[in-house]
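Let me begin by presenting the structure, written as structure tokens, before commenting on it.
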Amino acid sequence: MATIVERTSEGIIYRASKTYPIPDVDILTLLFDHSLAKPDTEIHVSAADPTLSLTVSRARTLTEATSSALRRHFEIGANGGGKDIVSVISTGNYLLPVLCYGILGAGGVFSAASAASTASELCKQIEGAESRILCSVEATRDVAVKAAEKAGWGRNGGGRVLVMSEGREWSLRAVQADGQLGLNLIDESQRLPWERITDRETLDNSLIILIYSSGTTGLPKGVKLSHRNVVAEAVIPGDMFKSWIASSNPNFEYRTLAHLPTAHIAGIQGYLINPFYMGGPVYWMPRFSFPEFLAYNKKYRITFFFTVPPIYLLIAKSPEVTDQFKTLEIAVSGAAPLGKDLQHAASAKLGGPDCFISQTWGLSETTGSATVMPFGMTDDTGSVSPLIPNMLARIVDDEGKDVEPGKPGEVLVKGPVVCKGYHKNEAANAEAFTGEWFHTGDVAEFRNGLFYIVDRKKELIKYKGLQVAPAELEALLVNHPDILDAAVIGVETEDGHNEVPRAYVVAGTKKISDKKIMRYVRETVAGHKQLRGGVVFVDAIPKSASGKILRKDLRVRARRERGARL
């Protein structure tokens, strides 16, 4: 699928040569009535116990019963859609989609929180979102209750903390004042069908998902997603996929494994929405475990997965990987750059010769993927693929002027998957949007029809006026056979006038040393990219739940280290 470059009054515009029609429907109507899934199709399954599963018809019944319970007991959606925010803190659970669909069906807003959140972090999120209720699983119940109490909801959450079931019976039970769980609020005899929406403007201006960005460069912000956003992100890549299946792979059967957090857009779009639209099952893991991840891929003959570079790094370097991925046909990487060498090394451990990892790029603010590799095509140059259909992009310099193709600059995008802004944060909206153009904060180049992400704009290291991309050095470091993982940040020089790269490294063997690493880098990259800030060995690289390196945590550590030397 060719990328067209146009010179217009707005600037140099990039767009795909093809577009796909986006139906004017709400997300639940798309899934239950327009997807490939039939009433008896299994769509959500427990990986640990596959006898625990949901068919489309069963999911519809429980969705409507859940919507009814939320409306009757908490008046969710009683005063119109998009006003009542329901926060959810949960590990992976095959019944979690029912809660999400039920919230949307009642007219509420689904807002997921990381299962790793502390009570203080969760409190800030539910206060910022002004959540009406907070739902959890048993494993996150204590954190949910403490967060609700901190937010002033009352003892044990004042009846507004609900615990969802994870077994055969679907239930929502409120935590009572004495800490015990109340009666099941779900009554399957009482059902509330969702409102079918077909008006384009209503769909575009709706609020159905409030997702908090990962906060890798600052405090998390609440990203507002509409029916139109979520439907477009399902339909555009989904219809590209369907077209490829029909023309080139008619026997393909969609099966994926839920192993990433559902508080991240990759989990929400990748497990709750897209597989349902494609008519295939999701096998749910409660949390990531590499041995179980390998076992489940083999047991359930997984054919499609999206995952993040740290997991591909495990696949590339682990001797435990043998034939677990032999049925895999589509492998996609995202959330952070995947170096070319790691892309090749991990691909060699996957399915057949045609299963080569492609890269996608996107953000919470773009409802997931803004670029995707057309199915049946591969690229081994380290690109993040072409722009998806229906989207427009520009690449601009620090003054907002368009740069010529092949030159680096910040990526601006607009189109149907771009979010509706930030929740109650006009300052962030003003900084992130110029008209309809969203400033992604990512620096990229466009070459030979493909986009290449250089780095986060705020994370580029500037040494004597020259830019150093941490992602480039990280890709180089993890390709070393004696390095398991690495992260690079810029640290201030003693005179305070320059910034130099420092590597934090997880060693694979005792024989690797800082001098060997610095020599390895010196022999490979230009002079201004050398590790003048040194090498620090660590037990683990701090990362967000979605696999992004938390450089802000490393910068805090670096300031402490410098203070200790002074």
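Convention: chains lettered A, B, ... in structure tokens order; per-chain residue numbering from 1; ligands numbered from 1 as shown.
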Closest pair table for segment 433-538 of chain A residues within 9 Å of segment 401-425 of chain A, only C-alpha atoms, as a tab-separated table:
```
residue	atom	partner	partner_atom	distance
A:Phe433	CA	A:Gly421	CA	8.3
A:Glu436	CA	A:Lys414	CA	6.1
A:Trp437	CA	A:Lys414	CA	5.1
A:Phe438	CA	A:Val413	CA	5.3
A:His439	CA	A:Leu412	CA	4.7
A:Thr440	CA	A:Val411	CA	5.8
A:Gly441	CA	A:Glu410	CA	6.1
A:Asp442	CA	A:Glu410	CA	5.5
A:Val443	CA	A:Glu410	CA	4.3
A:Ala444	CA	A:Pro408	CA	5.3
A:Glu445	CA	A:Pro408	CA	4.6
A:Phe446	CA	A:Gly406	CA	5.2
A:Arg447	CA	A:Gly406	CA	5.3
A:Asn448	CA	A:Gly406	CA	8.6
A:Ile453	CA	A:Pro408	CA	8.9
A:Val454	CA	A:Pro408	CA	7.6
A:Arg456	CA	A:Glu410	CA	8.7
A:Lys457	CA	A:Glu410	CA	6.9
```
Can you check which parts of segment 6-83 of chain A lie within 7 Å of segment 192-197 of chain A? Per residue, the shortest pair of atoms and distance in Å to one decimal, counting only C-alpha atoms, sorted by chain and number, as a tab-separated table.
```
residue	atom	partner	partner_atom	distance
A:Val25	CA	A:Ile197	CA	5.6
A:Asp26	CA	A:Ile197	CA	5.4
A:Thr29	CA	A:Arg196	CA	6.6
A:Glu64	CA	A:Leu192	CA	4.8
A:Ala65	CA	A:Leu192	CA	6.3
A:Ser67	CA	A:Leu192	CA	5.7
A:Ser68	CA	A:Leu192	CA	4.8
```
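From atom CA of Tyr504 of chain A back to atom CA of Ile517 of chain A, the distance works out to 10.9 Å.
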Assign secondary structure with DSSP using the backbone only, and return the residues of segment 174-220 of chain A in strand (DSSP E or B) as a CSV table (one decimal) with N, CA and C atoms, in the first residue's frame.
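Listed below is the output, states.csv:
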```csv
chain,number,residue,atom,x,y,z
A,174,ALA,N,-20.5,-5.6,45.9
A,174,ALA,CA,-20.0,-4.4,46.6
A,174,ALA,C,-19.3,-4.8,47.9
A,175,VAL,N,-18.1,-4.1,48.1
A,175,VAL,CA,-17.5,-4.3,49.4
A,175,VAL,C,-18.3,-3.4,50.5
A,181,LEU,N,-18.2,-9.0,51.3
A,181,LEU,CA,-18.8,-8.7,50.0
A,181,LEU,C,-20.3,-8.9,50.1
A,182,GLY,N,-21.1,-8.0,49.5
A,182,GLY,CA,-22.5,-8.1,49.5
A,182,GLY,C,-23.0,-9.1,48.5
A,183,LEU,N,-24.3,-9.1,48.2
A,183,LEU,CA,-25.0,-10.0,47.3
A,183,LEU,C,-24.6,-9.6,45.9
A,184,ASN,N,-24.7,-10.6,45.0
A,184,ASN,CA,-24.4,-10.4,43.6
A,184,ASN,C,-25.4,-9.4,43.0
A,209,ILE,N,-14.2,5.7,26.5
A,209,ILE,CA,-13.0,5.1,27.2
A,209,ILE,C,-12.1,6.3,27.7
A,210,LEU,N,-11.7,6.2,28.9
A,210,LEU,CA,-10.8,7.2,29.5
A,210,LEU,C,-9.5,6.4,29.9
A,211,ILE,N,-8.5,6.5,29.1
A,211,ILE,CA,-7.3,5.7,29.4
A,211,ILE,C,-6.1,6.7,29.8
A,212,TYR,N,-5.4,6.3,30.8
A,212,TYR,CA,-4.4,7.2,31.3
A,212,TYR,C,-3.0,6.8,30.6
```
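When atom CA of Pro286 of chain A is paired with atom CA of Ser364 of chain A, their separation reads 22.2 Å.
Between atom CA of Ala234 of chain A and atom CA of Arg191 of chain A there is a distance of 26.5 Å.
Using only C-alpha atoms, the nearest neighbour of Ala116 of chain A within the list A:Ser318, A:Thr256, A:Thr19, A:Thr262 is A:Thr262.
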- [ ] Extract, using only C-alpha atoms, all DNA, RNA and protein residues at most 10 Å from segment 45-59 of chain A, discarding same-chain residues fewer than 5 positions from it, and format them as a VMD selection string.
- [x] chain A and resid 31 to 33 37 to 40 64 to 65 92 to 95 97 to 99 101 to 102 166 to 169 257 to 258 276 279 281 to 286 292 to 293 296 to 297 299 to 300
Would you mind exporting N, CA and C atoms of the selected residues as a short mmCIF file (atom, residue, chain, number, x, y, z; two decimals), in the first residue's frame?
```
data_model
loop_
_atom_site.label_atom_id
_atom_site.label_comp_id
_atom_site.auth_asym_id
_atom_site.auth_seq_id
_atom_site.Cartn_x
_atom_site.Cartn_y
_atom_site.Cartn_z
N LEU A 31 -19.34 -4.77 17.28
CA LEU A 31 -18.84 -6.06 17.75
C LEU A 31 -19.90 -7.15 17.69
N PHE A 32 -21.06 -6.88 18.24
CA PHE A 32 -22.06 -7.93 18.37
C PHE A 32 -22.85 -8.18 17.08
N ASP A 33 -22.97 -7.17 16.23
CA ASP A 33 -23.81 -7.32 15.04
C ASP A 33 -23.04 -7.26 13.72
N ALA A 37 -17.71 -12.80 14.12
CA ALA A 37 -18.11 -13.79 15.12
C ALA A 37 -19.60 -14.12 15.03
N LYS A 38 -19.93 -15.41 15.10
CA LYS A 38 -21.31 -15.89 15.12
C LYS A 38 -21.77 -16.07 16.57
N PRO A 39 -23.09 -16.23 16.81
CA PRO A 39 -23.57 -16.34 18.19
C PRO A 39 -22.87 -17.40 19.02
N ASP A 40 -22.49 -18.52 18.41
CA ASP A 40 -21.88 -19.60 19.19
C ASP A 40 -20.34 -19.57 19.13
N GLU A 64 -25.76 -7.12 28.73
CA GLU A 64 -27.03 -6.42 29.00
C GLU A 64 -27.42 -6.53 30.47
N ALA A 65 -27.14 -7.68 31.12
CA ALA A 65 -27.43 -7.82 32.55
C ALA A 65 -26.53 -6.91 33.38
N GLY A 92 -5.51 -9.86 34.16
CA GLY A 92 -6.18 -10.47 33.01
C GLY A 92 -7.26 -11.44 33.46
N ASN A 93 -8.41 -11.38 32.79
CA ASN A 93 -9.57 -12.15 33.24
C ASN A 93 -10.51 -12.30 32.07
N TYR A 94 -10.92 -13.52 31.75
CA TYR A 94 -11.78 -13.73 30.59
C TYR A 94 -13.15 -13.07 30.75
N LEU A 95 -13.52 -12.70 31.98
CA LEU A 95 -14.79 -12.01 32.21
C LEU A 95 -14.65 -10.49 32.20
N PRO A 97 -13.92 -8.48 29.76
CA PRO A 97 -14.64 -7.85 28.66
C PRO A 97 -16.13 -7.62 28.95
N VAL A 98 -16.76 -8.54 29.69
CA VAL A 98 -18.18 -8.36 30.02
C VAL A 98 -18.38 -7.09 30.82
N LEU A 99 -17.47 -6.84 31.77
CA LEU A 99 -17.58 -5.61 32.56
C LEU A 99 -17.42 -4.40 31.67
N TYR A 101 -17.90 -4.12 28.33
CA TYR A 101 -19.06 -3.97 27.45
C TYR A 101 -20.29 -3.51 28.25
N GLY A 102 -20.43 -4.02 29.48
CA GLY A 102 -21.57 -3.64 30.30
C GLY A 102 -21.53 -2.17 30.70
N GLU A 166 -14.08 -14.22 38.76
CA GLU A 166 -13.15 -14.69 37.74
C GLU A 166 -13.40 -16.15 37.37
N GLY A 167 -14.42 -16.77 37.95
CA GLY A 167 -14.69 -18.17 37.71
C GLY A 167 -15.83 -18.41 36.74
N ARG A 168 -16.65 -19.40 37.03
CA ARG A 168 -17.72 -19.79 36.10
C ARG A 168 -18.92 -18.86 36.17
N GLU A 169 -19.20 -18.35 37.37
CA GLU A 169 -20.35 -17.46 37.55
C GLU A 169 -19.91 -16.01 37.41
N LEU A 257 -3.33 -14.35 22.33
CA LEU A 257 -3.10 -14.60 23.76
C LEU A 257 -2.99 -13.27 24.48
N ALA A 258 -3.87 -13.04 25.45
CA ALA A 258 -3.86 -11.80 26.24
C ALA A 258 -2.81 -11.92 27.33
N PHE A 276 -12.48 -9.71 18.65
CA PHE A 276 -13.93 -9.89 18.53
C PHE A 276 -14.36 -9.51 17.12
N GLY A 279 -13.44 -12.08 14.76
CA GLY A 279 -14.15 -13.35 14.93
C GLY A 279 -13.33 -14.46 15.54
N PRO A 281 -10.89 -16.08 19.05
CA PRO A 281 -10.83 -16.07 20.52
C PRO A 281 -9.57 -15.41 21.06
N VAL A 282 -9.73 -14.86 22.27
CA VAL A 282 -8.61 -14.38 23.08
C VAL A 282 -8.46 -15.33 24.26
N TYR A 283 -7.27 -15.87 24.44
CA TYR A 283 -6.98 -16.70 25.61
C TYR A 283 -6.32 -15.82 26.66
N TRP A 284 -6.95 -15.73 27.83
CA TRP A 284 -6.56 -14.74 28.84
C TRP A 284 -5.61 -15.32 29.88
N MET A 285 -4.46 -14.65 30.06
CA MET A 285 -3.55 -14.92 31.17
C MET A 285 -3.80 -13.87 32.25
N PRO A 286 -3.82 -14.24 33.54
CA PRO A 286 -4.03 -13.23 34.58
C PRO A 286 -2.88 -12.24 34.67
N GLU A 292 4.68 -19.78 31.12
CA GLU A 292 3.28 -20.00 30.75
C GLU A 292 2.98 -19.40 29.38
N PHE A 293 3.58 -18.26 29.10
CA PHE A 293 3.42 -17.62 27.79
C PHE A 293 3.85 -18.59 26.68
N TYR A 296 1.29 -21.65 26.60
CA TYR A 296 -0.03 -21.32 26.05
C TYR A 296 0.04 -21.07 24.55
N ASN A 297 1.13 -20.47 24.06
CA ASN A 297 1.27 -20.28 22.62
C ASN A 297 1.22 -21.61 21.90
N LYS A 299 0.03 -24.63 23.24
CA LYS A 299 -1.20 -25.37 23.54
C LYS A 299 -2.37 -24.87 22.69
N TYR A 300 -2.50 -23.56 22.57
CA TYR A 300 -3.67 -23.00 21.87
C TYR A 300 -3.38 -22.63 20.41
#
```
TODO: Show which residues sit within 10 Å of Gly382 of chain A, as an MDAnalysis selection string. Count only C-alpha atoms, and ignore same-chain residues fewer than 4 positions away.
DONE: chainID A and resid 337:344 358:359 450:453
Export of the given selection (C-alpha atoms) as a compact mmCIF listing (two decimals), in the first residue's frame:
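Once everything was written out, this is result29.txt:
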```txt
# COMPACT_ATOMS: atom_id res chain seq x y z
CA PRO A 337 11.34 0.86 19.13
CA LEU A 338 12.54 -2.62 18.16
CA GLY A 339 16.09 -2.52 16.85
CA LYS A 340 16.78 -4.16 13.50
CA ASP A 341 19.13 -6.77 14.99
CA LEU A 342 16.63 -7.80 17.66
CA GLN A 343 13.88 -7.87 15.01
CA HIS A 344 15.90 -10.44 13.04
CA SER A 358 6.58 -6.11 11.74
CA GLN A 359 6.52 -2.91 13.75
CA LEU A 450 8.09 4.02 5.45
CA PHE A 451 8.33 5.82 8.78
CA TYR A 452 11.30 5.43 11.12
CA ILE A 453 10.93 6.52 14.74
```
Open item on the list: Please return, as an MDAnalysis selection string, all residues of segment 16-167 of chain A that DSSP assigns to helix (DSSP H, G or I) on the basis of the backbone.
Closed with: chainID A and resid 27:34 56:74 96:106 119:129 138:150 155:157
Open item on the list: Ranking A:Gly157, A:Asp539, A:Arg141, A:Met240 by minimum distance to Lys18 of chain A and counting only C-alpha atoms, which one comes first?
Closed with: A:Met240
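Close contacts of Ala348 of chain A, defined as residues with an atom at most 12 Å away when counting only C-alpha atoms, with chain neighbours fewer than 5 positions off set aside, comprise Tyr312, Ile315, Ala316, Lys317, Val321, Thr322, Asp323, Phe325, Lys326, Ala331, Asp341, Leu342, Gln343, Pro353, Asp354, Cys355, Phe356 and Ile357 of chain A.
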Task: Surrounding residues of Gly547 of chain A excluding itself and chain neighbours under 4 positions, 12 Å, only C-alpha atoms, as a ChimeraX atom specification - done: /A:214,216,259-261,264,266,288,307-313,333-338,541-543,551
Expected file: the selected residues, C-alpha atoms, as an mmCIF file, in the first residue's frame:
```
data_model
loop_
_atom_site.group_PDB
_atom_site.id
_atom_site.type_symbol
_atom_site.label_atom_id
_atom_site.label_comp_id
_atom_site.auth_asym_id
_atom_site.auth_seq_id
_atom_site.Cartn_x
_atom_site.Cartn_y
_atom_site.Cartn_z
ATOM 1 C CA SER A 214 1.880 5.733 30.664
ATOM 2 C CA THR A 216 7.068 7.904 30.705
ATOM 3 C CA HIS A 259 -0.627 -11.221 28.152
ATOM 4 C CA LEU A 260 -0.207 -7.426 28.213
ATOM 5 C CA PRO A 261 -1.934 -5.100 30.722
ATOM 6 C CA HIS A 264 -2.767 0.038 28.217
ATOM 7 C CA ALA A 266 -2.650 -2.355 23.444
ATOM 8 C CA PHE A 288 2.613 -12.334 32.316
ATOM 9 C CA THR A 307 3.781 -7.794 22.020
ATOM 10 C CA VAL A 308 6.515 -5.454 23.172
ATOM 11 C CA PRO A 309 10.323 -5.391 22.697
ATOM 12 C CA PRO A 310 11.192 -6.751 26.187
ATOM 13 C CA ILE A 311 9.241 -9.933 25.385
ATOM 14 C CA TYR A 312 10.831 -10.247 21.953
ATOM 15 C CA LEU A 313 14.177 -9.850 23.734
ATOM 16 C CA SER A 333 5.869 -5.238 17.875
ATOM 17 C CA GLY A 334 5.023 -1.863 19.340
ATOM 18 C CA ALA A 335 5.030 0.460 22.392
ATOM 19 C CA ALA A 336 8.793 1.091 21.961
ATOM 20 C CA PRO A 337 11.340 0.858 19.132
ATOM 21 C CA LEU A 338 12.539 -2.621 18.161
ATOM 22 C CA ILE A 541 15.634 -1.817 33.709
ATOM 23 C CA PRO A 542 12.623 0.111 35.080
ATOM 24 C CA LYS A 543 9.733 -0.186 32.640
ATOM 25 C CA ARG A 551 13.783 7.007 31.695
#
```
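Compared by their closest atoms to Ile388 of chain A, and using only C-alpha atoms, the residues A:Ile27, A:Ala106, A:Ile236, A:Ala69 rank with A:Ile236 nearest.
Proximity to Glu149 of chain A was assessed for A:Val488, A:Ala119, A:Met164, A:Val223 counting only C-alpha atoms; the smallest distance is recorded for A:Ala119.
Residues surrounding Asn79 of chain A within 12 Å are Arg71, Phe74, Asp84, Ala106, Gly107 and Gly108 of chain A [only C-alpha atoms; sequence separation below 5 positions excluded].
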Keeping N, CA and C atoms, export the residues of the selection given above as an mmCIF file, in the first residue's frame.
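Saved file again06.cif follows:
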```
data_model
loop_
_atom_site.group_PDB
_atom_site.id
_atom_site.type_symbol
_atom_site.label_atom_id
_atom_site.label_comp_id
_atom_site.auth_asym_id
_atom_site.auth_seq_id
_atom_site.Cartn_x
_atom_site.Cartn_y
_atom_site.Cartn_z
ATOM 1 N N ARG A 71 -26.932 0.468 35.966
ATOM 2 C CA ARG A 71 -27.938 1.529 35.903
ATOM 3 C C ARG A 71 -28.817 1.506 37.163
ATOM 4 N N PHE A 74 -26.353 2.082 40.520
ATOM 5 C CA PHE A 74 -25.465 3.245 40.597
ATOM 6 C C PHE A 74 -25.838 4.361 39.626
ATOM 7 N N ASP A 84 -20.584 9.292 33.276
ATOM 8 C CA ASP A 84 -20.283 8.525 34.482
ATOM 9 C C ASP A 84 -19.102 7.599 34.236
ATOM 10 N N ALA A 106 -24.354 0.602 29.441
ATOM 11 C CA ALA A 106 -25.155 1.436 30.352
ATOM 12 C C ALA A 106 -25.021 2.916 30.022
ATOM 13 N N GLY A 107 -24.067 3.255 29.163
ATOM 14 C CA GLY A 107 -23.807 4.665 28.863
ATOM 15 C C GLY A 107 -22.667 5.226 29.681
ATOM 16 N N GLY A 108 -21.925 4.345 30.378
ATOM 17 C CA GLY A 108 -20.802 4.789 31.187
ATOM 18 C C GLY A 108 -19.513 4.868 30.400
#
```
Open item on the list: Let me make sure I understand: among A:Gln269, A:Thr66, A:Ser87, A:Thr61, which one has the smallest atom-to-atom distance to Gly105 of chain A if we use only C-alpha atoms?
Closed with: A:Thr66
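Ranking A:Arg502, A:Arg228, A:Lys221, A:Lys146 by their shortest atom-to-atom distance to Leu531 of chain A, with only C-alpha atoms included, puts A:Arg502 first.
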